[in-house]
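Here is the file entry33.csv (CSV, C-alpha atoms (C1' of nucleotides)).
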```
chain,number,residue,atom,x,y,z
A,1,MET,CA,24.1,7.4,-0.7
A,2,GLU,CA,25.3,4.6,-3.0
A,3,LEU,CA,23.2,1.6,-3.9
A,4,ASP,CA,24.7,-1.4,-5.6
A,5,GLN,CA,22.8,-4.0,-7.5
A,6,LEU,CA,22.4,-6.2,-4.4
A,7,ASP,CA,20.7,-3.4,-2.6
A,8,ARG,CA,18.4,-2.8,-5.6
A,9,ASP,CA,17.6,-6.5,-5.7
A,10,ILE,CA,16.8,-6.6,-2.0
A,11,ILE,CA,14.6,-3.5,-2.4
A,12,ALA,CA,12.8,-5.1,-5.3
A,13,ALA,CA,12.2,-8.3,-3.3
A,14,LEU,CA,10.8,-6.3,-0.3
A,15,VAL,CA,8.6,-4.2,-2.5
A,16,ASP,CA,7.2,-7.4,-4.0
A,17,ASP,CA,6.6,-9.0,-0.6
A,18,ALA,CA,7.7,-7.2,2.6
A,19,ARG,CA,7.0,-10.3,4.7
A,20,GLN,CA,9.5,-12.6,3.2
A,21,THR,CA,12.1,-13.9,5.6
A,22,TYR,CA,15.7,-12.7,5.3
A,23,ALA,CA,16.6,-16.2,4.3
A,24,GLU,CA,14.2,-16.2,1.4
A,25,ILE,CA,15.5,-12.8,0.2
A,26,GLY,CA,19.0,-14.1,0.6
A,27,GLN,CA,18.3,-17.0,-1.7
A,28,GLN,CA,16.9,-14.7,-4.4
A,29,VAL,CA,19.8,-12.3,-4.3
A,30,GLY,CA,22.6,-14.7,-3.4
A,31,LEU,CA,23.4,-13.7,0.2
A,32,SER,CA,23.0,-15.1,3.7
A,33,ALA,CA,20.1,-14.1,5.9
A,34,SER,CA,22.4,-12.1,8.1
A,35,ALA,CA,23.9,-10.2,5.2
A,36,VAL,CA,20.5,-9.4,3.9
A,37,LYS,CA,19.4,-8.1,7.3
A,38,ARG,CA,22.5,-5.9,7.7
A,39,ARG,CA,21.7,-4.4,4.3
A,40,VAL,CA,18.1,-3.9,5.1
A,41,ASP,CA,18.9,-2.2,8.3
A,42,ARG,CA,21.3,0.1,6.5
A,43,LEU,CA,18.7,0.8,3.8
A,44,ARG,CA,16.2,1.8,6.5
A,45,GLU,CA,18.8,4.0,8.3
A,46,THR,CA,19.8,5.8,5.2
A,47,GLY,CA,16.1,6.4,4.2
A,48,ALA,CA,16.0,4.3,1.0
A,49,ILE,CA,13.4,2.2,2.7
A,50,THR,CA,11.0,4.4,4.7
A,51,GLY,CA,8.8,1.6,6.1
A,52,PHE,CA,6.6,-1.3,5.5
A,53,SER,CA,3.0,-1.1,4.5
A,54,ALA,CA,0.0,-3.3,3.7
A,55,ARG,CA,-1.2,-2.9,0.1
A,56,VAL,CA,-5.0,-2.5,0.2
A,57,SER,CA,-7.6,-2.7,-2.5
A,58,PRO,CA,-9.3,0.8,-2.4
A,59,GLN,CA,-12.4,-0.9,-3.9
A,60,ALA,CA,-12.6,-3.3,-1.0
A,61,LEU,CA,-12.5,-0.4,1.4
A,62,GLY,CA,-15.3,1.4,-0.4
A,63,TRP,CA,-13.1,3.9,-2.4
A,64,THR,CA,-14.6,3.1,-5.8
A,65,THR,CA,-14.2,6.5,-7.5
A,66,GLU,CA,-11.2,8.6,-8.2
A,67,ALA,CA,-10.5,11.9,-9.9
A,68,TYR,CA,-7.8,14.3,-10.8
A,69,VAL,CA,-8.3,17.9,-10.1
A,70,GLU,CA,-6.3,20.8,-11.5
A,71,LEU,CA,-6.1,23.8,-9.2
A,72,PHE,CA,-5.8,27.3,-10.4
A,73,CYS,CA,-4.8,29.6,-7.6
A,74,GLN,CA,-4.4,33.3,-6.9
A,75,GLY,CA,-1.1,34.8,-7.9
A,76,LYS,CA,0.6,34.9,-4.5
A,77,THR,CA,-0.4,31.4,-3.3
A,78,LYS,CA,2.5,29.5,-1.7
A,79,PRO,CA,2.9,25.7,-2.3
A,80,SER,CA,2.8,25.3,1.5
A,81,ASP,CA,-0.6,27.0,1.7
A,82,ILE,CA,-1.9,24.5,-0.8
A,83,ALA,CA,-0.3,21.6,1.0
A,84,LEU,CA,-1.7,22.7,4.3
A,85,ALA,CA,-5.2,23.1,2.9
A,86,VAL,CA,-5.4,19.8,0.9
A,87,ASN,CA,-3.8,17.8,3.6
A,88,ARG,CA,-7.0,18.2,5.7
A,89,PHE,CA,-8.9,16.2,3.1
A,90,PRO,CA,-8.4,12.5,3.5
A,91,GLU,CA,-9.8,12.1,0.0
A,92,VAL,CA,-6.8,13.9,-1.4
A,93,VAL,CA,-4.3,11.0,-1.7
A,94,ALA,CA,-1.7,12.9,-3.7
A,95,ALA,CA,-1.0,16.5,-4.6
A,96,ALA,CA,1.8,18.4,-6.4
A,97,THR,CA,2.5,21.8,-7.8
A,98,ILE,CA,3.2,21.5,-11.5
A,99,THR,CA,4.3,23.4,-14.6
A,100,GLY,CA,1.7,24.6,-17.1
A,101,GLU,CA,-1.5,26.5,-16.8
A,102,ALA,CA,-2.7,24.9,-13.5
A,103,ASP,CA,-0.8,25.5,-10.3
A,104,ALA,CA,-1.4,22.2,-8.7
A,105,LEU,CA,-2.8,18.7,-9.5
A,106,LEU,CA,-4.7,16.8,-6.9
A,107,HIS,CA,-5.5,13.1,-6.9
A,108,ILE,CA,-8.7,12.3,-5.1
A,109,ARG,CA,-10.2,9.0,-4.0
A,110,ALA,CA,-13.8,8.9,-2.9
A,111,THR,CA,-16.7,6.5,-2.3
A,112,ASP,CA,-18.7,7.6,-5.4
A,113,VAL,CA,-19.1,10.5,-7.9
A,114,ARG,CA,-21.3,12.4,-5.5
A,115,HIS,CA,-18.6,12.2,-2.9
A,116,VAL,CA,-16.0,13.5,-5.4
A,117,GLU,CA,-18.3,16.4,-6.2
A,118,ARG,CA,-18.7,17.3,-2.5
A,119,VAL,CA,-14.9,17.3,-2.0
A,120,ILE,CA,-14.2,19.4,-5.1
A,121,GLU,CA,-16.9,21.8,-3.9
A,122,ARG,CA,-15.1,22.3,-0.6
A,123,ILE,CA,-11.7,22.6,-2.3
A,124,ALA,CA,-13.0,25.2,-4.7
A,125,ALA,CA,-14.5,27.1,-1.8
A,126,MET,CA,-11.0,27.8,-0.4
A,127,ALA,CA,-9.9,31.4,-0.4
A,128,PHE,CA,-6.8,31.0,-2.7
A,129,VAL,CA,-8.6,28.8,-5.3
A,130,VAL,CA,-9.6,30.7,-8.4
A,131,ARG,CA,-11.0,27.7,-10.2
A,132,THR,CA,-10.7,24.0,-10.6
A,133,LYS,CA,-10.8,21.6,-13.6
A,134,SER,CA,-11.6,18.0,-12.8
A,135,SER,CA,-11.3,14.7,-14.6
A,136,ILE,CA,-13.1,11.6,-13.3
A,137,VAL,CA,-11.1,8.4,-13.7
A,138,LEU,CA,-12.9,6.0,-16.0
A,139,SER,CA,-10.6,3.0,-15.7
A,140,ARG,CA,-7.2,2.6,-14.1
A,141,LEU,CA,-4.8,1.1,-16.6
A,142,VAL,CA,-1.6,1.0,-14.6
A,143,ASP,CA,-0.9,1.2,-10.9
A,144,THR,CA,2.6,0.3,-10.2
A,145,PRO,CA,3.8,-0.4,-6.7
A,146,PRO,CA,6.8,1.9,-7.0
A,147,GLY,CA,10.4,0.8,-6.5
A,148,ALA,CA,10.5,-2.3,-8.7
A,149,ALA,CA,12.3,-0.5,-11.6
A,150,VAL,CA,16.0,0.2,-11.6
A,151,PRO,CA,17.0,3.6,-13.1
A,152,GLU,CA,20.7,3.3,-12.8
A,153,ALA,CA,20.9,0.1,-14.8
A,154,ARG,CA,20.2,2.1,-17.9
A,155,ASN,CA,17.3,0.0,-18.9
A,156,GLU,CA,15.2,3.1,-18.7
A,157,SER,CA,12.4,1.7,-20.7
A,158,ALA,CA,11.4,-1.0,-22.9
A,159,THR,CA,11.6,-0.1,-26.6
A,160,PRO,CA,8.0,-0.6,-27.7
A,161,GLY,CA,7.4,-0.9,-31.3
B,1,MET,CA,-17.5,-8.5,1.4
B,2,GLU,CA,-18.4,-6.9,4.7
B,3,LEU,CA,-15.7,-5.1,6.8
B,4,ASP,CA,-16.5,-4.2,10.4
B,5,GLN,CA,-14.6,-1.5,12.4
B,6,LEU,CA,-12.2,-4.1,13.7
B,7,ASP,CA,-11.2,-5.0,10.2
B,8,ARG,CA,-10.7,-1.3,9.3
B,9,ASP,CA,-8.6,-0.7,12.4
B,10,ILE,CA,-6.4,-3.7,11.6
B,11,ILE,CA,-6.0,-2.5,8.0
B,12,ALA,CA,-5.1,0.9,9.2
B,13,ALA,CA,-2.5,-0.5,11.6
B,14,LEU,CA,-1.0,-2.6,8.9
B,15,VAL,CA,-0.9,0.3,6.4
B,16,ASP,CA,0.9,2.3,9.1
B,17,ASP,CA,3.4,-0.5,9.8
B,18,ALA,CA,3.1,-3.9,8.1
B,19,ARG,CA,5.8,-5.4,10.3
B,20,GLN,CA,4.0,-5.0,13.6
B,21,THR,CA,3.4,-8.3,15.4
B,22,TYR,CA,-0.1,-9.6,15.6
B,23,ALA,CA,0.1,-9.1,19.4
B,24,GLU,CA,0.9,-5.4,18.9
B,25,ILE,CA,-2.0,-5.0,16.5
B,26,GLY,CA,-4.2,-6.8,18.9
B,27,GLN,CA,-3.4,-4.4,21.7
B,28,GLN,CA,-4.3,-1.5,19.5
B,29,VAL,CA,-7.6,-2.9,18.3
B,30,GLY,CA,-8.6,-4.9,21.4
B,31,LEU,CA,-8.1,-8.5,20.2
B,32,SER,CA,-5.7,-11.4,20.9
B,33,ALA,CA,-2.9,-12.1,18.5
B,34,SER,CA,-4.6,-15.2,17.1
B,35,ALA,CA,-7.8,-13.3,16.4
B,36,VAL,CA,-5.9,-10.7,14.6
B,37,LYS,CA,-4.1,-13.3,12.5
B,38,ARG,CA,-7.4,-14.9,11.6
B,39,ARG,CA,-8.8,-11.6,10.4
B,40,VAL,CA,-5.7,-10.7,8.5
B,41,ASP,CA,-5.7,-14.1,6.8
B,42,ARG,CA,-9.4,-13.6,5.9
B,43,LEU,CA,-8.7,-10.0,4.6
B,44,ARG,CA,-6.0,-11.4,2.4
B,45,GLU,CA,-8.2,-14.2,1.1
B,46,THR,CA,-11.0,-11.8,0.2
B,47,GLY,CA,-8.6,-9.4,-1.5
B,48,ALA,CA,-9.0,-6.4,0.9
B,49,ILE,CA,-5.3,-6.7,1.6
B,50,THR,CA,-3.4,-7.5,-1.6
B,51,GLY,CA,0.0,-7.9,-0.1
B,52,PHE,CA,2.8,-6.3,1.9
B,53,SER,CA,5.3,-4.0,0.5
B,54,ALA,CA,8.3,-1.9,1.5
B,55,ARG,CA,7.8,1.8,1.2
B,56,VAL,CA,10.8,3.2,-0.8
B,57,SER,CA,12.0,6.7,-1.3
B,58,PRO,CA,12.0,7.3,-5.0
B,59,GLN,CA,14.7,9.9,-4.5
B,60,ALA,CA,17.0,7.5,-2.8
B,61,LEU,CA,16.6,5.2,-5.8
B,62,GLY,CA,17.4,7.9,-8.3
B,63,TRP,CA,13.9,8.8,-9.4
B,64,THR,CA,14.1,12.5,-8.7
B,65,THR,CA,11.7,13.8,-11.3
B,66,GLU,CA,8.1,13.2,-12.0
B,67,ALA,CA,5.6,14.4,-14.5
B,68,TYR,CA,1.9,14.1,-15.5
B,69,VAL,CA,1.1,13.6,-19.1
B,70,GLU,CA,-2.3,14.0,-20.7
B,71,LEU,CA,-2.7,11.7,-23.7
B,72,PHE,CA,-4.9,12.6,-26.7
B,73,CYS,CA,-5.6,9.6,-28.8
B,74,GLN,CA,-7.2,8.7,-32.1
B,75,GLY,CA,-10.9,8.2,-32.1
B,76,LYS,CA,-11.1,4.5,-32.0
B,77,THR,CA,-8.3,3.8,-29.5
B,78,LYS,CA,-9.3,1.3,-26.8
B,79,PRO,CA,-8.3,1.6,-23.2
B,80,SER,CA,-6.7,-1.8,-23.4
B,81,ASP,CA,-4.5,-0.5,-26.2
B,82,ILE,CA,-3.3,2.3,-24.1
B,83,ALA,CA,-2.8,0.0,-21.1
B,84,LEU,CA,-0.7,-2.4,-23.2
B,85,ALA,CA,1.4,0.3,-24.6
B,86,VAL,CA,2.2,2.3,-21.5
B,87,ASN,CA,2.8,-0.8,-19.4
B,88,ARG,CA,6.0,-1.4,-21.3
B,89,PHE,CA,7.4,1.8,-19.8
B,90,PRO,CA,8.7,1.3,-16.3
B,91,GLU,CA,8.7,5.0,-15.9
B,92,VAL,CA,4.9,5.1,-16.2
B,93,VAL,CA,3.9,4.4,-12.6
B,94,ALA,CA,0.2,5.1,-13.0
B,95,ALA,CA,-2.2,5.6,-15.9
B,96,ALA,CA,-5.9,6.0,-16.2
B,97,THR,CA,-8.5,6.9,-18.8
B,98,ILE,CA,-10.3,10.0,-17.8
B,99,THR,CA,-13.2,12.3,-18.6
B,100,GLY,CA,-12.6,15.6,-20.2
B,101,GLU,CA,-10.6,16.7,-23.2
B,102,ALA,CA,-7.7,14.2,-22.8
B,103,ASP,CA,-8.3,10.5,-23.1
B,104,ALA,CA,-5.8,9.3,-20.5
B,105,LEU,CA,-3.5,10.7,-17.8
B,106,LEU,CA,-0.1,9.2,-17.2
B,107,HIS,CA,2.0,9.6,-14.1
B,108,ILE,CA,5.7,9.3,-14.9
B,109,ARG,CA,8.7,8.9,-12.7
B,110,ALA,CA,12.2,9.4,-14.1
B,111,THR,CA,15.8,10.2,-13.2
B,112,ASP,CA,15.8,13.7,-14.5
B,113,VAL,CA,14.0,16.1,-16.8
B,114,ARG,CA,15.9,14.8,-19.8
B,115,HIS,CA,14.8,11.4,-19.0
B,116,VAL,CA,11.2,12.5,-18.8
B,117,GLU,CA,11.6,14.1,-22.2
B,118,ARG,CA,12.9,10.9,-23.7
B,119,VAL,CA,10.0,8.9,-22.3
B,120,ILE,CA,7.3,11.4,-23.5
B,121,GLU,CA,9.0,11.4,-26.9
B,122,ARG,CA,8.6,7.7,-27.2
B,123,ILE,CA,5.0,7.7,-25.9
B,124,ALA,CA,4.1,10.5,-28.4
B,125,ALA,CA,5.6,8.4,-31.2
B,126,MET,CA,3.1,5.6,-30.6
B,127,ALA,CA,0.6,5.2,-33.5
B,128,PHE,CA,-2.6,5.9,-31.6
B,129,VAL,CA,-1.3,9.0,-29.9
B,130,VAL,CA,-2.4,12.3,-31.5
B,131,ARG,CA,-0.7,14.6,-29.1
B,132,THR,CA,0.4,14.9,-25.5
B,133,LYS,CA,0.4,17.7,-22.9
B,134,SER,CA,2.9,17.4,-20.1
B,135,SER,CA,3.3,18.9,-16.7
B,136,ILE,CA,6.5,18.5,-14.7
B,137,VAL,CA,6.0,18.2,-11.0
B,138,LEU,CA,7.6,21.1,-9.1
B,139,SER,CA,7.1,19.9,-5.6
B,140,ARG,CA,5.1,17.1,-4.1
B,141,LEU,CA,2.7,18.3,-1.4
B,142,VAL,CA,0.8,15.2,-0.4
B,143,ASP,CA,1.7,11.5,-0.9
B,144,THR,CA,-0.6,9.5,1.2
B,145,PRO,CA,0.0,5.8,1.7
B,146,PRO,CA,-3.6,4.8,0.8
B,147,GLY,CA,-5.9,3.0,3.1
B,148,ALA,CA,-5.6,4.9,6.3
B,149,ALA,CA,-8.9,6.7,5.9
B,150,VAL,CA,-12.2,5.1,6.6
B,151,PRO,CA,-15.0,6.0,4.2
B,152,GLU,CA,-17.8,4.1,5.8
B,153,ALA,CA,-17.3,5.9,9.1
B,154,ARG,CA,-18.8,9.0,7.4
B,155,ASN,CA,-15.9,11.2,8.4
B,156,GLU,CA,-15.5,11.9,4.7
B,157,SER,CA,-13.3,14.9,5.3
B,158,ALA,CA,-12.2,17.4,7.7
B,159,THR,CA,-14.1,20.7,7.4
B,160,PRO,CA,-11.3,23.1,6.6
B,161,GLY,CA,-11.9,26.7,7.2
C,1,DC,C1',25.5,-20.1,16.7
C,2,DC,C1',22.3,-19.2,20.5
C,3,DT,C1',18.5,-17.1,22.8
C,4,DG,C1',14.0,-14.9,23.0
C,5,DA,C1',10.1,-14.0,20.5
C,6,DA,C1',6.7,-14.3,17.1
C,7,DA,C1',4.0,-17.1,13.9
C,8,DC,C1',1.1,-20.9,13.3
C,9,DG,C1',-2.1,-24.5,14.2
C,10,DA,C1',-5.0,-27.2,17.4
C,11,DC,C1',-8.3,-27.1,20.7
C,12,DC,C1',-12.0,-25.2,23.6
C,13,DC,C1',-15.4,-21.7,24.8
C,14,DC,C1',-19.0,-18.5,23.9
C,15,DT,C1',-22.5,-16.5,21.3
C,16,DT,C1',-26.1,-16.4,17.9
C,17,DC,C1',-29.3,-18.0,14.7
D,1,DG,C1',-27.1,-27.9,17.2
D,2,DA,C1',-24.4,-25.9,13.9
D,3,DA,C1',-21.5,-22.1,12.5
D,4,DG,C1',-18.7,-18.2,13.3
D,5,DG,C1',-15.6,-15.7,16.0
D,6,DG,C1',-12.4,-15.2,20.1
D,7,DG,C1',-9.1,-16.9,23.6
D,8,DT,C1',-5.4,-20.2,25.2
D,9,DC,C1',-1.7,-23.2,24.7
D,10,DG,C1',2.2,-25.9,22.5
D,11,DT,C1',5.4,-26.3,18.7
D,12,DT,C1',8.2,-24.6,15.1
D,13,DT,C1',10.5,-21.1,12.9
D,14,DC,C1',12.5,-16.6,12.5
D,15,DA,C1',14.7,-12.3,14.1
D,16,DG,C1',18.5,-10.3,16.4
D,17,DG,C1',22.7,-10.2,18.6
```
Step by step, read the file and then write its structure as structure tokens.
Amino acid sequence: MELDQLDRDIIAALVDDARQTYAEIGQQVGLSASAVKRRVDRLRETGAITGFSARVSPQALGWTTEAYVELFCQGKTKPSDIALAVNRFPEVVAAATITGEADALLHIRATDVRHVERVIERIAAMAFVVRTKSSIVLSRLVDTPPGAAVPEARNESATPG
Amino acid sequence: MELDQLDRDIIAALVDDARQTYAEIGQQVGLSASAVKRRVDRLRETGAITGFSARVSPQALGWTTEAYVELFCQGKTKPSDIALAVNRFPEVVAAATITGEADALLHIRATDVRHVERVIERIAAMAFVVRTKSSIVLSRLVDTPPGAAVPEARNESATPG
DNA sequence: CCTGAAACGACCCCTTC
DNA sequence: GAAGGGGTCGTTTCAGG
């Protein structure tokens, strides 16, 4: 589907604060409340906006430790096998198959380092896993709520330096 | 701060759908709408809930490609230096310093592989960067909206297998 | 523009320390 | 008897058509 600048502005506004009223969004983007609502409804129907969610502080919920784990799997392991397996761990908040030496990269959130260790232990014990390589997160530098940036506008990135 | 089970249930409900009415949430958790609102207000004040956001489909916005990039930096590079530098790239949606060989891990979203390449090129050109090691994401297996799980309840993970 | 509904604040009640 | 948390009600504002 096609998104114009107004759609992108509306999305950016909703990513910033999903509880704004349509009138408030309208003021920001230069539309009436009704027009904004029509566009938001359309954006939801077309799947550009998939829902609305509360942003929570993992720390406040007790998730103080995170880690990235590279997964090295047996030759014939299917991505769907990995997906099925890691989905059973609530601690695995993200996972993807990747290029390079490892087959997959997992992002884990846990209550402490000991907890991370237990989860990795269990994952490593799965049949198709040959070995794992973990990195504990020391400090988070960036954690962007996605969707604010605008690829099509060709301002792909600032030009640092 | 202290979170009881009611707070956790309310958070889970809001993570699932931030646009539910207080009355609806109240039905789920067993409270009146007013009581829910009071708790939500408190959760926001204390920082457990940091805001409300629209969930967007990166694909629909044109971000079809992602990559993870390990950063190897010069000996005396400070985390804040890395943070400052990578924050200028809207394509860097997450970054953290980590244990292991690499100093930091970046998560990049871009419009296509060529775009990823350009961003990595620019990052690699930064003064403190010695080298980079990139992995393109082939397929995303898990992408959890964080906050649904409940660490304190001691159901740390399913027991797969 | 109009209607129904939700948010919001005020007030009272109950419990607990 | 003071403080914290919950329920009820009335008013205002927003969503939705």
Next item on the list: Provide the C1' of DC14 in chain D to C1' of DA5 in chain C distance in Å, to one decimal place.
Entry: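 These atoms are spaced 8.7 Å apart.
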Note to self: Using Å and a single decimal, report how far CA of Ala18 in chain B sits from CA of Ala83 in chain A.
What the structure shows: 26.7 Å
Interface rows for chain D against chain A: nearest pair, Å to one decimal, 12 Å, only C-alpha atoms (C1' of nucleotides), as CSV:
```
residue,atom,partner,partner_atom,distance
D:DT13,C1',A:Thr21,CA,10.4
D:DC14,C1',A:Thr21,CA,7.4
D:DA15,C1',A:Tyr22,CA,8.9
D:DG16,C1',A:Ser34,CA,9.3
D:DG17,C1',A:Ser34,CA,10.7
```
Checklist line | Nearest residue to DA2 in chain D from the set C:DC17, C:DC11, C:DA6, C:DC1 (distances using all atoms listed in the file) | finding: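 Nearest candidate to DA2 in chain D out of C:DC17, C:DC11, C:DA6, C:DC1: C:DC17.
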Note to self: So, with only C-alpha atoms (C1' of nucleotides) as the atoms that count, which of A:Val86, A:Ser80, A:Arg19, A:Arg8 lies closest to chain C?
What the structure shows: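 Using only C-alpha atoms (C1' of nucleotides), the shortest distance to chain C belongs to A:Arg19.
One finds CA of Pro58 in chain A at 19.3 Å from CA of Arg88 in chain A.
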Chain fit, chain B moved to chain A over all Cα pairs in order, as a short mmCIF file (atom, residue, chain, number, x, y, z; two decimals) with C-alpha atoms, in the frame of the given file:
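Below you can see out26.cif, which holds the result:
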```cif
data_model
loop_
_atom_site.label_atom_id
_atom_site.label_comp_id
_atom_site.auth_asym_id
_atom_site.auth_seq_id
_atom_site.Cartn_x
_atom_site.Cartn_y
_atom_site.Cartn_z
CA MET B 1 24.08 7.38 -0.43
CA GLU B 2 25.42 4.70 -2.74
CA LEU B 3 23.24 1.64 -3.65
CA ASP B 4 24.90 -1.33 -5.33
CA GLN B 5 22.98 -3.99 -7.36
CA LEU B 6 22.57 -6.11 -4.26
CA ASP B 7 20.79 -3.31 -2.52
CA ARG B 8 18.49 -2.77 -5.55
CA ASP B 9 17.69 -6.48 -5.76
CA ILE B 10 16.82 -6.59 -2.06
CA ILE B 11 14.61 -3.50 -2.44
CA ALA B 12 12.92 -5.03 -5.37
CA ALA B 13 12.27 -8.26 -3.46
CA LEU B 14 10.87 -6.37 -0.55
CA VAL B 15 8.63 -4.20 -2.77
CA ASP B 16 7.34 -7.44 -4.30
CA ASP B 17 6.71 -9.04 -0.89
CA ALA B 18 7.73 -7.30 2.34
CA ARG B 19 6.96 -10.38 4.41
CA GLN B 20 9.54 -12.66 2.85
CA THR B 21 12.10 -13.98 5.34
CA TYR B 22 15.60 -12.70 5.13
CA ALA B 23 16.68 -16.25 4.17
CA GLU B 24 14.29 -16.20 1.20
CA ILE B 25 15.60 -12.83 0.08
CA GLY B 26 19.08 -14.08 0.49
CA GLN B 27 18.50 -17.01 -1.81
CA GLN B 28 17.19 -14.70 -4.46
CA VAL B 29 20.04 -12.22 -4.28
CA GLY B 30 22.88 -14.59 -3.32
CA LEU B 31 23.51 -13.62 0.33
CA SER B 32 23.00 -15.18 3.79
CA ALA B 33 20.06 -14.13 5.88
CA SER B 34 22.22 -12.09 8.25
CA ALA B 35 23.80 -10.18 5.39
CA VAL B 36 20.47 -9.38 4.04
CA LYS B 37 19.26 -8.15 7.42
CA ARG B 38 22.30 -5.94 7.74
CA ARG B 39 21.63 -4.34 4.38
CA VAL B 40 17.97 -3.90 5.05
CA ASP B 41 18.74 -2.28 8.40
CA ARG B 42 21.24 0.05 6.66
CA LEU B 43 18.66 0.87 3.85
CA ARG B 44 16.18 1.80 6.51
CA GLU B 45 18.66 3.95 8.40
CA THR B 46 19.63 5.87 5.27
CA GLY B 47 16.00 6.38 4.28
CA ALA B 48 16.00 4.29 1.03
CA ILE B 49 13.34 2.14 2.63
CA THR B 50 10.88 4.29 4.58
CA GLY B 51 8.82 1.53 6.04
CA PHE B 52 6.60 -1.47 5.36
CA SER B 53 3.05 -1.28 4.45
CA ALA B 54 0.08 -3.47 3.55
CA ARG B 55 -1.16 -3.07 0.04
CA VAL B 56 -4.98 -2.51 0.23
CA SER B 57 -7.62 -2.62 -2.41
CA PRO B 58 -9.28 0.74 -2.38
CA GLN B 59 -12.40 -0.88 -3.78
CA ALA B 60 -12.65 -3.33 -0.97
CA LEU B 61 -12.51 -0.38 1.43
CA GLY B 62 -15.25 1.51 -0.33
CA TRP B 63 -13.16 3.93 -2.34
CA THR B 64 -14.59 3.14 -5.73
CA THR B 65 -14.15 6.46 -7.44
CA GLU B 66 -11.19 8.60 -8.18
CA ALA B 67 -10.59 11.88 -9.86
CA TYR B 68 -7.79 14.31 -10.87
CA VAL B 69 -8.30 17.94 -10.17
CA GLU B 70 -6.27 20.78 -11.60
CA LEU B 71 -6.13 23.73 -9.21
CA PHE B 72 -5.84 27.35 -10.42
CA CYS B 73 -4.81 29.62 -7.64
CA GLN B 74 -4.38 33.30 -6.93
CA GLY B 75 -1.12 34.83 -7.91
CA LYS B 76 0.63 34.90 -4.64
CA THR B 77 -0.44 31.49 -3.30
CA LYS B 78 2.46 29.49 -1.83
CA PRO B 79 2.88 25.79 -2.27
CA SER B 80 2.90 25.39 1.47
CA ASP B 81 -0.52 27.01 1.57
CA ILE B 82 -1.88 24.54 -0.83
CA ALA B 83 -0.19 21.65 0.99
CA LEU B 84 -1.72 22.75 4.31
CA ALA B 85 -5.11 23.11 2.88
CA VAL B 86 -5.42 19.91 0.90
CA ASN B 87 -3.82 17.82 3.63
CA ARG B 88 -6.94 18.25 5.70
CA PHE B 89 -8.85 16.23 3.11
CA PRO B 90 -8.38 12.52 3.53
CA GLU B 91 -9.77 12.08 0.10
CA VAL B 92 -6.79 13.91 -1.41
CA VAL B 93 -4.30 11.06 -1.72
CA ALA B 94 -1.69 12.93 -3.73
CA ALA B 95 -1.02 16.55 -4.67
CA ALA B 96 1.75 18.33 -6.42
CA THR B 97 2.53 21.75 -7.84
CA ILE B 98 3.10 21.52 -11.51
CA THR B 99 4.23 23.39 -14.60
CA GLY B 100 1.75 24.53 -17.12
CA GLU B 101 -1.50 26.42 -16.89
CA ALA B 102 -2.70 24.91 -13.56
CA ASP B 103 -0.78 25.51 -10.38
CA ALA B 104 -1.35 22.14 -8.72
CA LEU B 105 -2.80 18.70 -9.51
CA LEU B 106 -4.75 16.79 -6.93
CA HIS B 107 -5.47 13.09 -6.95
CA ILE B 108 -8.70 12.31 -5.12
CA ARG B 109 -10.17 9.08 -3.93
CA ALA B 110 -13.80 8.90 -2.82
CA THR B 111 -16.76 6.59 -2.29
CA ASP B 112 -18.71 7.70 -5.27
CA VAL B 113 -19.10 10.48 -7.80
CA ARG B 114 -21.28 12.46 -5.42
CA HIS B 115 -18.65 12.26 -2.88
CA VAL B 116 -16.06 13.53 -5.30
CA GLU B 117 -18.35 16.43 -6.08
CA ARG B 118 -18.67 17.33 -2.44
CA VAL B 119 -14.91 17.29 -1.96
CA ILE B 120 -14.18 19.44 -5.09
CA GLU B 121 -16.88 21.84 -3.91
CA ARG B 122 -15.13 22.36 -0.66
CA ILE B 123 -11.66 22.65 -2.25
CA ALA B 124 -13.04 25.24 -4.76
CA ALA B 125 -14.47 27.22 -1.84
CA MET B 126 -11.01 27.76 -0.36
CA ALA B 127 -9.89 31.44 -0.52
CA PHE B 128 -6.82 31.01 -2.68
CA VAL B 129 -8.53 28.86 -5.26
CA VAL B 130 -9.61 30.70 -8.44
CA ARG B 131 -11.05 27.77 -10.24
CA THR B 132 -10.71 24.03 -10.64
CA LYS B 133 -10.88 21.60 -13.58
CA SER B 134 -11.75 18.02 -12.77
CA SER B 135 -11.40 14.73 -14.50
CA ILE B 136 -13.11 11.60 -13.21
CA VAL B 137 -11.16 8.44 -13.70
CA LEU B 138 -12.96 5.99 -16.00
CA SER B 139 -10.71 3.03 -15.64
CA ARG B 140 -7.32 2.55 -14.10
CA LEU B 141 -4.81 1.05 -16.54
CA VAL B 142 -1.57 0.98 -14.61
CA ASP B 143 -0.96 1.15 -10.82
CA THR B 144 2.57 0.22 -10.21
CA PRO B 145 3.80 -0.40 -6.70
CA PRO B 146 6.85 1.92 -7.04
CA GLY B 147 10.37 0.81 -6.65
CA ALA B 148 10.56 -2.27 -8.75
CA ALA B 149 12.38 -0.59 -11.61
CA VAL B 150 16.03 0.17 -11.54
CA PRO B 151 17.05 3.49 -13.07
CA GLU B 152 20.76 3.22 -12.67
CA ALA B 153 20.86 -0.03 -14.62
CA ARG B 154 20.16 2.07 -17.76
CA ASN B 155 17.24 -0.08 -18.79
CA GLU B 156 15.20 3.11 -18.70
CA SER B 157 12.37 1.59 -20.67
CA ALA B 158 11.34 -1.10 -22.89
CA THR B 159 11.42 -0.12 -26.58
CA PRO B 160 7.80 -0.59 -27.55
CA GLY B 161 7.03 -0.97 -31.15
#
```
Notebook entry, point to check: Taking all atoms listed in the file into account, what are the residues of chain B at most 7 Å from chain A, put as a ChimeraX atom specification?
Noted result: /B:14-19,47-58,60-62,83,87-91,93-100,111,135-144,146-147,149,151,157-158,160
